[in-house]
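Working notes, structure below.
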Amino acid sequence: MTYLEYKIRAVPRGFRKLLYLNWPIILLLCAAGAIGIIMLTSVAGNSWHPWASAQLKRFFVGFALMISIAMVPIWFWKSMSVLAYITSLVLLILVEFFGSTGMGAQRWLDLGFITLQPSEMAKITLIMVLAFYYDWLPDQHVSKPQWIIAPLALIFLPFFLVLQQPDLGTSLLIVLGGGVMIFLAGVHWGYFGVALSLSVGAILTILYSRGTDWQLLNEYQYRRIDTFLDPSSDPLGAGYHITQSKIALGSGGWTGRGFGQGTQSRLNFLPEKHTDFIFTTLAEEFGFIGGISLLIVYTLIVAFAIIAAIRNKDRFSSLLIYGVTVTFFLYFAVNMAMVMGLAPVVGVPLPLVSYGGSSLLVLMVAFGLLQSAHVHKPRGVI
Amino acid sequence: MADRIQLNQKSYAKLSRRGLILGGLQAAFIAGLAFRMRKLQVEEASEYRLLADENRINIRLIAPSRGEVYDRNGKIIARNEQSFRITIVKEDAGNIEQTLYSLSNLIKISQREATRVIEEIERSAPFLPVTVRDQLSFEEIARIAANTPNLPGVSVEQGLSRVYPSLESYAHVIGYVGPVSDSDLKRGNENNPLLKIPRFQVGKVGIEKHYEDVLRGSAGIMKVEVNALGRVMRNLDRKEGKPGNNIQLTVDNELQSYIQARLGSESASAVVMNCKNGEILAIASSPSYDPNKFVKGISYSDFNELRDNKFRPLASKTVQDAYPPGSTFKIVTALAALEAKIISPKDSFSCDGKIEVSNRFFHCWKKGGHGEMSLSKSLSESCDVYFYELALKTGIERINKMATKLGLGIKHDVPMSAITKGLVPSKDWKLKNREQEWLVGDTVNASIGQGYVLSSPLQLAVMAARLASGRNVKPILTKSINGQNIHNLKNIEDLDIDKSYLKIVRKALFQASNDRRGTAYGSRVIQDAYRMAGKTGTSQVRNITDAERENGVTKNEDLPWKRRDHGLFINFAPYDKPEIAVAVVVEHGGAGSKSAAPIARDITLQALFKGKPPLEVYPAKDRTAVLERQKKLGEVLKELEMFRKNKV
């Protein structure tokens, strides 16, 4: 019996697959989605419109997408990995030329029936292609330099394309996500030491290049770094977002000011209150208890996913689950760190809660892949 | 196969290890987030709550209502009136041009105003009201109110604005209020936040300025919740301020209005005092102006007209102008000489029309002289030469001292603006200010209130009051603040002048008014209970040349107005039991007996009778003229009263 035969024989078939879904994760996703709907109702002034209703529809679409993807065997998705990766690269190039501009960056691609944010897609397809690569690569080759060049290239292609848009936040998340995949694959620690020192060097070079002829970042990006380091230096200008968001969080206290009672969000002191900064409204209105609850939901999702990854004996599936988990983790960790003043303001939404179609759908697709890997994992004795 | 599985197991173990390490890092990061959340939301919560409140709560000041000003009988002089202004809010109005056009069909809106409104609207946030017009009349408001459905975004706002119902009568006393200027902010390092309220008004001159702190009151506070753009979401709290204190003046409204009307368009001023306690019953300067115009914002043309008028309507002549007192100053010279015991009332002296002092001739106003003169006669007939002699013997220092005792050369403390000190010269003064030696001729000039001597009408009234009562009275204009009397008028000390001397001078002044040969005989009162005692004064503003004296002095009427003599008159009445003291100065009015004395008589009688005096107190030959004047003034006053009634 070959490994492949074994896998096919041991998987559930038809609607029985539904029983094998990772239900705790699905329920936790719904919980986070519900919190999102409640908060979107609140920031609209206790109104279903314009955000909560649209978000609910998207959530249902995403949910259906997730279940559908989960029903398809993981080896099919595995076979699609390279194609998906290439498609997302093509879309990233297309967005360079045909994309519409939003918030000073080329991010959106209007395909007529749907507006796509290819950079979001690239996060997942990169994980797929890296999982595919390390599943294919014999273990003894993993730490050899010549076998490291390819994954690095796979990471830096989308990284540079996204950086071009320019979207520093997403491009850094892509590098982080890809780096984690390499780390999981078991590449020698030494490489990470070198990578760390290189990035420290790069950061110093970037900071040093400011004001010179070969300045590496845009001025607005430098300003964001400035205000991140000292938000009080410009409380009404660029530091406004961070300052106001911290005030909102802090004024929530233990139990918060009550649903719809957050003065910071209701009186529009908070920026982007329905998208990137929605966590501040949650923390303002439901306090520490509300904020920590959402954090616990997220943590449980990560925990269940890691358990699922460890229990999955298929290398591609396991790597994929880790990758999806890390992507999800980076979303909420960076977003929360940002609104709490621990990270610079980069455009990262709070997963499942922030209003926005692209990131929600991409996340649901990712969790669909995770579920597919979970449903179709090797069972029984090896 | 087994190899493959073993290999798989090895790589699987490695993947799981790395996965656990990753999970641990994630857990650590999440713990960090949780701690950060705890720090912000639990440990520093109160601090951030405060910041959130600072964000949303906006404190606005409510202007207090300014204190009102009354006359001695409780008649209102300055009050606050509801004023209306219309504002327009862009986001409610929609089409601004259309709304302004509809509005201009109801009230007058100039093209300039419309342009300003549109510009202001474009500059400010769409929810902020922009004032279209201020100080609207009641009918205009009614017209707008009736058409509100057609005027989206237009609303009427109320405020208080200052009104002076007596129009011109008190302009120089009460002054006026106006918007806060830079110099108002600089003065006395005022950092009262009230001054920054748009449209807040402060006193600019007169009582309004002097008692600014008393009248202003303190600000109320309104707490409102605003959003990030500053739009008011709701009112949270409102604490009314303390209104300003009311002030009651010693002025009698009836008398004040009468005097203002009596002075008419003449460039003149008059002061009436209670001679026993110094209360100013009326203090008027003419021509005057309407202070309401300044409150509303006077137009350039109106202001230029006031400024360029040769009669100087803006000047408060009673306190800020000083004139040579002329013969009224002889009272000082006489008392100084009496006190120095240089003469006794019985001593007499011959006036032959002129006297030679250090090679210069000083003339009496009466060509040929008065002949034999006693002190009493010289005062009542106002002989100059007699006083030349007297002054030469008495000396300027004694005269200076006496003048000060009588209230000349002193800056009296009344709550009006630009009060002059006048001038009573001395040897030191001349040395210091003119860097010249005092000459005997200066003393001669000073003896009859010419030369360097200068006094304001208020000072002259004080002199008359002190002479009449023998008390050291000081002029008082403020009776009470918020119902509390601020001056003790009970125990006013006696004047430091021998009573018998005062009596001699008073008697001489009685003769001046009532003796056939007295200079003020023409303006006498014929009922004993109201008889006046007064002194005329005619002060030159030019030198009469010798050539002129030879060919006959040019008549006053033939001179240009600016070079004519000032006419002065001071008096007290009734002679037996003095109650009031009066000073009247008619600028370039010619002889005091002709210009000032008749006015003083009318004022005195009006004050004594507390209204229109009966014709019987006037000499028979004056009655027709008096009656006619009373009729004319009656009409003017009636009109003024009608206006007051409408305004109060």
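Labels used: A, B, ... for chains in the order of the structure tokens, numbers from 1 for residues in each chain, and numbers from 1 for ligands as shown.
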If you take only C-alpha atoms and a cut-off of 9 Å, which residues of chain B touch chain A, and what are their nearest atom pairs and distances in Å to one decimal, in chain and number order, as CSV?
```
residue,atom,partner,partner_atom,distance
B:Met1,CA,A:Thr2,CA,8.7
B:Ile5,CA,A:Ile382,CA,8.0
B:Leu7,CA,A:Asp139,CA,7.8
B:Asn8,CA,A:Arg315,CA,8.3
B:Gln9,CA,A:Lys313,CA,8.5
B:Lys10,CA,A:Asp139,CA,8.8
B:Ser11,CA,A:Asp139,CA,6.4
B:Tyr12,CA,A:Lys313,CA,6.9
B:Lys14,CA,A:Gly186,CA,6.6
B:Leu15,CA,A:Leu184,CA,5.8
B:Ser16,CA,A:Ile310,CA,5.6
B:Arg17,CA,A:Leu184,CA,8.5
B:Arg18,CA,A:Leu184,CA,5.3
B:Gly19,CA,A:Leu184,CA,6.3
B:Leu20,CA,A:Ile306,CA,7.9
B:Leu22,CA,A:Leu184,CA,8.0
B:Gly23,CA,A:Ile306,CA,7.0
B:Gln26,CA,A:Phe329,CA,7.6
B:Ala27,CA,A:Thr299,CA,7.8
B:Phe29,CA,A:Ala333,CA,7.7
B:Ile30,CA,A:Ala333,CA,7.2
B:Leu33,CA,A:Ala337,CA,6.7
B:Ala34,CA,A:Ile292,CA,6.8
B:Arg36,CA,A:Met340,CA,7.3
B:Met37,CA,A:Phe288,CA,6.9
B:Arg38,CA,A:Phe288,CA,6.7
B:Lys39,CA,A:Gly250,CA,8.4
B:Leu40,CA,A:Gly250,CA,4.8
B:Gln41,CA,A:Gly250,CA,4.4
B:Val42,CA,A:Gly253,CA,5.4
B:Glu43,CA,A:Gly253,CA,8.5
B:Glu44,CA,A:Gly250,CA,6.4
B:Ala45,CA,A:Gly250,CA,4.7
B:Ser46,CA,A:Ser251,CA,6.8
B:Glu47,CA,A:Ser251,CA,7.6
B:Tyr48,CA,A:Ser251,CA,4.8
B:Arg49,CA,A:Ser251,CA,4.0
B:Leu50,CA,A:Ser251,CA,7.6
B:Leu51,CA,A:Ile247,CA,6.5
B:Ala52,CA,A:Ile247,CA,6.0
B:Asp53,CA,A:Thr263,CA,8.3
B:Asn55,CA,A:Phe269,CA,7.9
B:Arg56,CA,A:Thr263,CA,7.1
B:Glu225,CA,A:Leu267,CA,8.7
B:Val226,CA,A:Leu267,CA,7.0
B:Asn227,CA,A:Leu267,CA,4.1
B:Ala228,CA,A:Phe269,CA,4.8
B:Leu229,CA,A:Asn268,CA,7.9
B:Met233,CA,A:Leu267,CA,8.3
```
Item to check | Surrounding residues of stretch 295-305 of chain B excluding itself and chain neighbours under 6 positions, 9 Å, only C-alpha atoms, as an MDAnalysis selection string | outcome: chainID B and resid 134:135 161:163 176:179 201
Next on the checklist: Can you pull out every residue from stretch 161-319 of chain A that DSSP, working from the backbone, puts in alpha helix (DSSP H), and format the result as a ChimeraX atom specification?
Outcome noted: /A:161-164,168-185,189-208,219-229,240-252,263-266,278-311,315-319
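Contact shell of B:Gln459 at 9 Å (only C-alpha atoms; same-chain neighbours under 4 positions omitted): B:Thr318, B:Val319, B:Leu406, B:Gly407, B:Leu408, B:Gly409, B:Ile410, B:Lys411, B:His412, B:Lys421, B:Gly422, B:Ser455, B:Met463, B:Ala464, B:Pro475, B:Ala583.
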Item to check | All residues 10 Å or closer to B:Leu627, only C-alpha atoms, same chain fewer than 6 positions away omitted, as a ChimeraX atom specification | outcome: /B:614-615,633
Excluding stretch 120-131 of chain A and any residue of its chain fewer than 2 positions from it, enumerate the residues within 8 Å of it, using only C-alpha atoms, and give them as a PDB file with C-alpha atoms, in the first residue's frame.
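Final file, part-v6.pdb:
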```pdb
ATOM      1  CA  LYS A  78      -1.703  20.969  -3.238  1.00  0.00           C
ATOM      2  CA  SER A  81      -0.245  25.552  -5.325  1.00  0.00           C
ATOM      3  CA  VAL A  82       2.182  26.597  -8.022  1.00  0.00           C
ATOM      4  CA  ALA A  84      -2.148  29.809  -7.508  1.00  0.00           C
ATOM      5  CA  TYR A  85       1.185  31.394  -6.690  1.00  0.00           C
ATOM      6  CA  SER A  88      -1.249  35.938  -7.654  1.00  0.00           C
ATOM      7  CA  LEU A  89       2.084  37.190  -9.032  1.00  0.00           C
ATOM      8  CA  GLN A 117      -6.598  43.013  -3.375  1.00  0.00           C
ATOM      9  CA  PRO A 118      -3.907  40.744  -4.852  1.00  0.00           C
ATOM     10  CA  TYR A 133       8.223  23.196  -1.976  1.00  0.00           C
ATOM     11  CA  TYR A 134       9.217  21.869   1.429  1.00  0.00           C
ATOM     12  CA  ASP A 135       6.937  18.875   1.070  1.00  0.00           C
ATOM     13  CA  PRO A 151      12.154  29.834  -1.331  1.00  0.00           C
ATOM     14  CA  LEU A 154       9.454  32.918  -3.889  1.00  0.00           C
ATOM     15  CA  ILE A 155       9.160  35.251  -0.913  1.00  0.00           C
ATOM     16  CA  PRO A 158       5.634  39.214  -4.064  1.00  0.00           C
ATOM     17  CA  THR A 170       1.556  43.963   3.870  1.00  0.00           C
ATOM     18  CA  LEU A 173       3.814  40.562   6.645  1.00  0.00           C
ATOM     19  CA  ILE A 174       4.554  38.583   3.475  1.00  0.00           C
ATOM     20  CA  GLY A 177       4.873  34.729   6.827  1.00  0.00           C
ATOM     21  CA  GLY A 178       7.380  33.296   4.329  1.00  0.00           C
ATOM     22  CA  MET A 181       7.510  28.787   6.676  1.00  0.00           C
ATOM     23  CA  ILE A 182      11.254  28.418   6.122  1.00  0.00           C
ATOM     24  CA  ARG A 315       3.954  17.411   5.697  1.00  0.00           C
ATOM     25  CA  PHE A 316       2.204  19.662   3.144  1.00  0.00           C
ATOM     26  CA  SER A 317      -0.972  19.826   5.230  1.00  0.00           C
ATOM     27  CA  LEU A 319       3.020  23.238   6.868  1.00  0.00           C
ATOM     28  CA  LEU A 320      -0.086  24.740   5.285  1.00  0.00           C
ATOM     29  CA  GLY A 323       1.207  28.959   7.540  1.00  0.00           C
ATOM     30  CA  VAL A 324      -2.479  29.875   7.696  1.00  0.00           C
ATOM     31  CA  THR A 327      -0.906  34.597   8.696  1.00  0.00           C
ATOM     32  CA  SER A 358     -10.943  41.231   0.473  1.00  0.00           C
ATOM     33  CA  SER A 359      -9.235  40.329   3.721  1.00  0.00           C
ATOM     34  CA  VAL A 362      -8.990  35.606   1.754  1.00  0.00           C
ATOM     35  CA  ALA A 366      -7.264  30.184   4.007  1.00  0.00           C
TER      36      ALA A 366
END
```
